[in-house]
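> Structure file upload_33.cif (mmCIF, C-alpha atoms) right here:
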data_data
#
loop_
_atom_site.label_atom_id
_atom_site.label_comp_id
_atom_site.auth_asym_id
_atom_site.auth_seq_id
_atom_site.Cartn_x
_atom_site.Cartn_y
_atom_site.Cartn_z
CA MET M 1 0.00 0.00 0.00
CA SER M 2 1.45 3.35 -1.00
CA ARG M 3 1.71 6.14 1.51
CA GLN M 4 -0.75 9.02 1.31
CA PHE M 5 0.84 12.45 1.58
CA THR M 6 -0.96 15.33 3.23
CA ASP M 7 -1.67 18.56 1.38
CA GLY M 8 0.77 20.24 3.78
CA GLU M 9 3.57 17.88 2.80
CA ILE M 10 2.90 18.37 -0.90
CA GLU M 11 2.66 22.17 -0.52
CA ALA M 12 5.90 22.28 1.49
CA THR M 13 7.63 20.27 -1.22
CA ILE M 14 6.30 22.61 -3.92
CA LYS M 15 7.54 25.63 -1.93
CA ALA M 16 10.94 24.02 -1.38
CA LEU M 17 11.33 23.26 -5.10
CA ALA M 18 10.24 26.80 -5.99
CA ALA M 19 12.73 28.26 -3.49
CA GLU M 20 15.50 26.21 -5.12
CA GLY M 21 14.48 27.43 -8.55
CA ALA M 22 13.68 23.88 -9.68
CA ALA M 23 10.98 23.14 -12.25
CA LEU M 24 7.56 22.84 -10.66
CA THR M 25 6.17 19.71 -12.28
CA ARG M 26 4.22 16.73 -11.05
CA ALA M 27 7.25 14.57 -11.70
CA SER M 28 9.62 16.80 -9.71
CA VAL M 29 7.21 16.93 -6.75
CA ARG M 30 6.64 13.16 -6.83
CA LYS M 31 10.37 12.52 -7.06
CA ARG M 32 11.10 14.75 -4.03
CA LEU M 33 8.27 13.20 -2.00
CA GLY M 34 8.97 9.66 -3.10
CA GLY M 35 5.41 9.20 -4.35
CA GLY M 36 2.04 10.88 -4.23
CA GLY M 37 -1.08 11.10 -6.35
CA SER M 38 -0.62 12.93 -9.65
CA THR M 39 -4.12 14.41 -9.60
CA ARG M 40 -3.72 15.90 -6.12
CA ILE M 41 -0.20 17.18 -6.87
CA SER M 42 -1.44 18.82 -10.08
CA ALA M 43 -4.27 20.53 -8.22
CA LEU M 44 -1.91 21.84 -5.53
CA LEU M 45 0.60 23.01 -8.17
CA LYS M 46 -2.18 24.98 -9.88
CA GLU M 47 -3.26 26.50 -6.55
CA HIS M 48 0.34 27.40 -5.75
CA VAL M 49 0.94 29.17 -9.04
CA ALA M 50 -2.42 30.97 -8.83
CA SER M 51 -2.06 32.09 -5.22
CA ALA M 52 -0.93 35.58 -4.31
CA ASP M 53 1.79 34.17 -2.02
CA SER M 54 3.25 32.11 -4.84
CA PRO M 55 7.00 32.54 -5.22
CA THR M 56 6.54 31.89 -8.96
CA THR M 57 5.59 34.80 -11.19
CA ARG M 58 3.56 34.39 -14.38
CA SER M 59 6.79 34.44 -16.38
CA GLY M 60 8.01 31.43 -14.40
CA LEU M 61 10.67 33.39 -12.54
CA VAL M 62 11.08 32.75 -8.85
CA ARG M 63 10.74 35.65 -6.44
CA THR M 64 11.51 35.56 -2.74
CA SER M 65 8.68 34.61 -0.45
CA PRO M 66 7.69 37.12 2.25
CA LYS M 67 7.71 34.22 4.71
CA GLY M 68 10.93 32.54 5.71
CA PRO M 69 11.25 28.80 6.26
CA ALA M 70 10.98 29.30 10.02
CA GLU M 71 7.56 30.99 9.65
CA GLU M 72 6.44 28.31 7.17
CA ALA M 73 7.55 25.56 9.55
CA GLN M 74 5.63 27.18 12.42
CA ALA M 75 2.53 27.43 10.22
CA VAL M 76 2.83 23.72 9.39
CA ILE M 77 3.19 22.85 13.07
CA ASN M 78 0.19 25.02 14.02
CA THR M 79 -1.94 23.48 11.26
CA SER M 80 -0.87 19.97 12.20
CA ALA M 81 -1.66 20.59 15.87
CA ALA M 82 -5.11 21.86 14.95
CA MET M 83 -5.71 18.81 12.74
CA ARG M 84 -4.89 16.44 15.61
CA VAL M 85 -8.00 17.50 17.54
CA LEU M 86 -10.66 14.91 16.73
CA PRO M 87 -14.37 15.25 17.42
CA PRO M 88 -15.55 12.98 20.27
CA ALA M 89 -17.37 10.63 17.87
CA ALA M 90 -14.17 10.05 15.89
CA VAL M 91 -12.23 9.29 19.08
CA HIS M 92 -14.79 6.69 20.18
CA ALA M 93 -14.97 5.14 16.70
CA ALA M 94 -11.19 4.99 16.31
CA GLY M 95 -10.38 3.57 19.72
CA GLY M 96 -7.36 4.41 21.88
CA ASP M 97 -4.73 2.54 19.84
CA ARG M 98 -5.82 4.05 16.56
CA GLU M 99 -5.64 7.55 18.05
CA ALA M 100 -2.07 6.91 19.22
CA ASP M 101 -1.12 5.52 15.79
CA GLY M 102 -2.68 8.57 14.12
CA GLY M 103 -0.67 10.86 16.39
CA ILE M 104 2.56 9.07 15.50
CA VAL M 105 1.75 9.21 11.79
CA GLN M 106 0.96 12.92 12.10
CA LEU M 107 4.24 13.58 13.92
CA GLN M 108 6.15 11.64 11.25
CA SER M 109 4.44 13.76 8.63
CA GLU M 110 5.43 16.95 10.47
CA ILE M 111 9.02 15.73 10.69
CA ARG M 112 9.11 15.12 6.93
CA VAL M 113 7.77 18.63 6.26
CA LEU M 114 10.29 20.18 8.64
CA LYS M 115 13.13 18.25 6.98
CA ILE M 116 12.06 19.60 3.60
CA LEU M 117 11.92 23.14 4.96
CA LEU M 118 15.30 22.74 6.68
CA GLU M 119 16.91 21.53 3.46
CA SER M 120 15.36 24.46 1.61
CA GLU M 121 16.81 26.89 4.18
CA ARG M 122 20.24 25.24 3.93
CA ASN M 123 20.19 25.55 0.14
CA ALA M 124 19.18 29.21 0.35
CA ARG M 125 22.03 29.92 2.78
CA ARG M 126 24.55 28.15 0.53
CA GLU M 127 23.38 30.24 -2.42
CA GLU M 128 23.59 33.42 -0.36
CA GLU M 129 27.14 32.58 0.78
CA ALA M 130 28.20 31.88 -2.81
CA ARG M 131 26.72 35.23 -3.97
CA TYR M 132 28.50 37.00 -1.14
CA ALA M 133 31.84 35.37 -2.07
CA ARG M 134 31.39 36.34 -5.75
CA THR M 135 30.62 39.92 -4.75
CA ILE M 136 33.73 40.13 -2.57
CA GLU M 137 35.89 38.72 -5.37
CA ALA M 138 34.46 41.20 -7.88
CA LEU M 139 35.09 44.11 -5.51
CA GLN M 140 38.66 42.96 -4.89
CA ARG M 141 39.29 42.83 -8.65
CA GLU M 142 37.85 46.33 -9.03
CA ILE M 143 40.09 47.62 -6.22
CA GLU M 144 43.16 46.03 -7.85
CA ILE M 145 42.32 47.61 -11.21
CA ALA M 146 41.71 51.01 -9.61
CA SER M 147 44.92 50.84 -7.56
CA ARG M 148 46.95 50.16 -10.71
CA GLY M 149 45.53 53.29 -12.24
CA GLY M 150 43.99 51.32 -15.06
CA GLY M 151 40.42 52.39 -14.46
CA ALA M 152 37.78 51.20 -16.92
#
Take the structure from the file and write it as structure tokens.

Amino acid sequence: MSRQFTDGEIEATIKALAAEGAALTRASVRKRLGGGGSTRISALLKEHVASADSPTTRSGLVRTSPKGPAEEAQAVINTSAAMRVLPPAAVHAAGGDREADGGIVQLQSEIRVLKILLESERNARREEEARYARTIEALQREIEIASRGGGA
């Protein structure tokens, strides 16, 4: 039986891929997740591109999200905590063991989402450090040229 991914996990994967500048396709999302339903992924990709908070512009270029990974992670945790509250009828129908299993599955899901967000943050920091190093190198070259008196 294949694992069912939550909308939150799929959305976090889409956001992570967008933050990395990767192509936002069903295949890329499924590859990152390790599975998932194509129909649901397609629907969430469409919602992501259409939403006002989408980091992807109509031209396909990626812009920075107003939320950082830490805020996104907190939103996922808050949503997951709210989803864990079951109505009394569901608790009685599920039984004690099933509720505990559901809590473990939910926590595992949250951990997966947080890992995706953490990796996205790490990639963004690596890119920022590389940009910073290139800027420093370019400025040093400019200083050397200017100090030799060979201005542009």
> To test the calculation: enclose all listed atoms of region 117-125 of chain M in a box whose edges run along x, y and z, add 3 Å on each side, then state centre and edge lengths in Å to one decimal, as lines of an AutoDock Vina configuration file.

center_x = 17.0
center_y = 25.7
center_z = 3.4
size_x = 16.1
size_y = 14.4
size_z = 12.5
> Apply the PyMOL selection byres ((chain M and resi 116) around 10) to the displayed file and report the matching residues as a list in words.
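Taken over the shown coordinates, the PyMOL selection byres ((chain M and resi 116) around 10) returns Glu9, Ala12, Thr13, Ile14, Lys15, Ala16, Leu17, Arg32, Leu33, Pro69, Ala73, Glu110, Ile111, Arg112, Val113, Leu114, Lys115, Leu117, Leu118, Glu119, Ser120, Glu121 and Arg122 of chain M.
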> Which residues are near Ser38 (chain M)? Cut-off 9 Å, all atoms listed in the file, ignore same chain within fewer than 5 positions. Put them as a list in words.
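Skipping anything fewer than 5 positions along the chain leaves Arg26, Ala27, Arg30 and Ala43 of chain M.
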> What's the separation between CA of Thr39 (chain M) and CA of Leu107 (chain M), in Å to one decimal place?
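CA of Thr39 (chain M) sits 25.0 Å away from CA of Leu107 (chain M).
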> Please measure the separation of CA of Ala22 (chain M) and CA of Arg40 (chain M), giving the value in Å to one decimal.
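According to the coordinates, CA of Ala22 (chain M) and CA of Arg40 (chain M) are separated by 19.5 Å.
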> Reconstruct N, CA and C atoms of region 4-39 of chain M from the incomplete input and present them as a PDB file, keeping the file's coordinate frame.

ATOM      1  N   GLN M   4       0.001   7.833   1.695  1.00  0.00           N
ATOM      2  CA  GLN M   4      -0.750   9.020   1.310  1.00  0.00           C
ATOM      3  C   GLN M   4      -0.073  10.247   1.922  1.00  0.00           C
ATOM      4  N   PHE M   5       0.215  11.228   1.102  1.00  0.00           N
ATOM      5  CA  PHE M   5       0.840  12.450   1.580  1.00  0.00           C
ATOM      6  C   PHE M   5      -0.227  13.491   1.858  1.00  0.00           C
ATOM      7  N   THR M   6      -0.015  14.277   2.902  1.00  0.00           N
ATOM      8  CA  THR M   6      -0.960  15.330   3.230  1.00  0.00           C
ATOM      9  C   THR M   6      -0.766  16.507   2.289  1.00  0.00           C
ATOM     10  N   ASP M   7      -1.791  17.349   2.187  1.00  0.00           N
ATOM     11  CA  ASP M   7      -1.670  18.560   1.380  1.00  0.00           C
ATOM     12  C   ASP M   7      -0.508  19.408   1.879  1.00  0.00           C
ATOM     13  N   GLY M   8      -0.324  19.451   3.192  1.00  0.00           N
ATOM     14  CA  GLY M   8       0.770  20.240   3.780  1.00  0.00           C
ATOM     15  C   GLY M   8       2.134  19.748   3.323  1.00  0.00           C
ATOM     16  N   GLU M   9       2.296  18.439   3.254  1.00  0.00           N
ATOM     17  CA  GLU M   9       3.570  17.880   2.800  1.00  0.00           C
ATOM     18  C   GLU M   9       3.814  18.210   1.325  1.00  0.00           C
ATOM     19  N   ILE M  10       2.764  18.079   0.525  1.00  0.00           N
ATOM     20  CA  ILE M  10       2.900  18.370  -0.900  1.00  0.00           C
ATOM     21  C   ILE M  10       3.180  19.861  -1.105  1.00  0.00           C
ATOM     22  N   GLU M  11       2.446  20.725  -0.386  1.00  0.00           N
ATOM     23  CA  GLU M  11       2.660  22.170  -0.520  1.00  0.00           C
ATOM     24  C   GLU M  11       4.063  22.565  -0.066  1.00  0.00           C
ATOM     25  N   ALA M  12       4.548  21.968   1.016  1.00  0.00           N
ATOM     26  CA  ALA M  12       5.900  22.280   1.490  1.00  0.00           C
ATOM     27  C   ALA M  12       6.941  21.853   0.460  1.00  0.00           C
ATOM     28  N   THR M  13       6.708  20.734  -0.181  1.00  0.00           N
ATOM     29  CA  THR M  13       7.630  20.270  -1.220  1.00  0.00           C
ATOM     30  C   THR M  13       7.612  21.210  -2.404  1.00  0.00           C
ATOM     31  N   ILE M  14       6.425  21.660  -2.801  1.00  0.00           N
ATOM     32  CA  ILE M  14       6.300  22.610  -3.920  1.00  0.00           C
ATOM     33  C   ILE M  14       7.045  23.899  -3.572  1.00  0.00           C
ATOM     34  N   LYS M  15       6.863  24.394  -2.346  1.00  0.00           N
ATOM     35  CA  LYS M  15       7.540  25.630  -1.930  1.00  0.00           C
ATOM     36  C   LYS M  15       9.052  25.444  -1.893  1.00  0.00           C
ATOM     37  N   ALA M  16       9.500  24.277  -1.429  1.00  0.00           N
ATOM     38  CA  ALA M  16      10.940  24.020  -1.380  1.00  0.00           C
ATOM     39  C   ALA M  16      11.530  23.974  -2.782  1.00  0.00           C
ATOM     40  N   LEU M  17      10.853  23.317  -3.709  1.00  0.00           N
ATOM     41  CA  LEU M  17      11.330  23.260  -5.100  1.00  0.00           C
ATOM     42  C   LEU M  17      11.351  24.652  -5.718  1.00  0.00           C
ATOM     43  N   ALA M  18      10.305  25.438  -5.443  1.00  0.00           N
ATOM     44  CA  ALA M  18      10.240  26.800  -5.990  1.00  0.00           C
ATOM     45  C   ALA M  18      11.370  27.650  -5.418  1.00  0.00           C
ATOM     46  N   ALA M  19      11.656  27.489  -4.124  1.00  0.00           N
ATOM     47  CA  ALA M  19      12.730  28.260  -3.490  1.00  0.00           C
ATOM     48  C   ALA M  19      14.088  27.905  -4.077  1.00  0.00           C
ATOM     49  N   GLU M  20      14.244  26.654  -4.514  1.00  0.00           N
ATOM     50  CA  GLU M  20      15.500  26.210  -5.120  1.00  0.00           C
ATOM     51  C   GLU M  20      15.592  26.594  -6.580  1.00  0.00           C
ATOM     52  N   GLY M  21      14.486  27.076  -7.144  1.00  0.00           N
ATOM     53  CA  GLY M  21      14.480  27.430  -8.550  1.00  0.00           C
ATOM     54  C   GLY M  21      14.285  26.233  -9.461  1.00  0.00           C
ATOM     55  N   ALA M  22      13.887  25.093  -8.895  1.00  0.00           N
ATOM     56  CA  ALA M  22      13.680  23.880  -9.680  1.00  0.00           C
ATOM     57  C   ALA M  22      12.348  23.979 -10.437  1.00  0.00           C
ATOM     58  N   ALA M  23      12.218  23.179 -11.480  1.00  0.00           N
ATOM     59  CA  ALA M  23      10.980  23.140 -12.250  1.00  0.00           C
ATOM     60  C   ALA M  23       9.855  22.607 -11.370  1.00  0.00           C
ATOM     61  N   LEU M  24       8.713  23.274 -11.437  1.00  0.00           N
ATOM     62  CA  LEU M  24       7.560  22.840 -10.660  1.00  0.00           C
ATOM     63  C   LEU M  24       6.678  21.969 -11.552  1.00  0.00           C
ATOM     64  N   THR M  25       6.941  20.677 -11.512  1.00  0.00           N
ATOM     65  CA  THR M  25       6.170  19.710 -12.280  1.00  0.00           C
ATOM     66  C   THR M  25       5.690  18.607 -11.361  1.00  0.00           C
ATOM     67  N   ARG M  26       4.685  17.870 -11.837  1.00  0.00           N
ATOM     68  CA  ARG M  26       4.220  16.730 -11.050  1.00  0.00           C
ATOM     69  C   ARG M  26       5.362  15.765 -10.787  1.00  0.00           C
ATOM     70  N   ALA M  27       6.151  15.525 -11.818  1.00  0.00           N
ATOM     71  CA  ALA M  27       7.250  14.570 -11.700  1.00  0.00           C
ATOM     72  C   ALA M  27       8.276  15.026 -10.662  1.00  0.00           C
ATOM     73  N   SER M  28       8.617  16.318 -10.664  1.00  0.00           N
ATOM     74  CA  SER M  28       9.620  16.800  -9.710  1.00  0.00           C
ATOM     75  C   SER M  28       9.096  16.716  -8.273  1.00  0.00           C
ATOM     76  N   VAL M  29       7.808  17.004  -8.092  1.00  0.00           N
ATOM     77  CA  VAL M  29       7.210  16.930  -6.750  1.00  0.00           C
ATOM     78  C   VAL M  29       7.152  15.469  -6.297  1.00  0.00           C
ATOM     79  N   ARG M  30       6.713  14.577  -7.186  1.00  0.00           N
ATOM     80  CA  ARG M  30       6.640  13.160  -6.830  1.00  0.00           C
ATOM     81  C   ARG M  30       8.012  12.593  -6.523  1.00  0.00           C
ATOM     82  N   LYS M  31       9.020  13.015  -7.286  1.00  0.00           N
ATOM     83  CA  LYS M  31      10.370  12.520  -7.060  1.00  0.00           C
ATOM     84  C   LYS M  31      10.868  12.956  -5.678  1.00  0.00           C
ATOM     85  N   ARG M  32      10.645  14.232  -5.325  1.00  0.00           N
ATOM     86  CA  ARG M  32      11.100  14.750  -4.030  1.00  0.00           C
ATOM     87  C   ARG M  32      10.372  14.058  -2.887  1.00  0.00           C
ATOM     88  N   LEU M  33       9.058  13.845  -3.049  1.00  0.00           N
ATOM     89  CA  LEU M  33       8.270  13.200  -2.000  1.00  0.00           C
ATOM     90  C   LEU M  33       8.522  11.699  -1.920  1.00  0.00           C
ATOM     91  N   GLY M  34       8.850  11.102  -3.057  1.00  0.00           N
ATOM     92  CA  GLY M  34       8.970   9.660  -3.100  1.00  0.00           C
ATOM     93  C   GLY M  34       7.636   8.998  -3.390  1.00  0.00           C
ATOM     94  N   GLY M  35       6.726   9.739  -4.005  1.00  0.00           N
ATOM     95  CA  GLY M  35       5.410   9.200  -4.350  1.00  0.00           C
ATOM     96  C   GLY M  35       4.377  10.304  -4.324  1.00  0.00           C
ATOM     97  N   GLY M  36       3.123   9.907  -4.290  1.00  0.00           N
ATOM     98  CA  GLY M  36       2.040  10.880  -4.230  1.00  0.00           C
ATOM     99  C   GLY M  36       1.147  10.774  -5.446  1.00  0.00           C
ATOM    100  N   GLY M  37      -0.105  11.164  -5.267  1.00  0.00           N
ATOM    101  CA  GLY M  37      -1.080  11.100  -6.350  1.00  0.00           C
ATOM    102  C   GLY M  37      -0.914  12.257  -7.328  1.00  0.00           C
ATOM    103  N   SER M  38      -0.828  11.918  -8.612  1.00  0.00           N
ATOM    104  CA  SER M  38      -0.620  12.930  -9.650  1.00  0.00           C
ATOM    105  C   SER M  38      -1.747  13.954  -9.698  1.00  0.00           C
ATOM    106  N   THR M  39      -2.968  13.496  -9.535  1.00  0.00           N
ATOM    107  CA  THR M  39      -4.120  14.410  -9.600  1.00  0.00           C
ATOM    108  C   THR M  39      -4.051  15.437  -8.479  1.00  0.00           C
TER     109      THR M  39
END
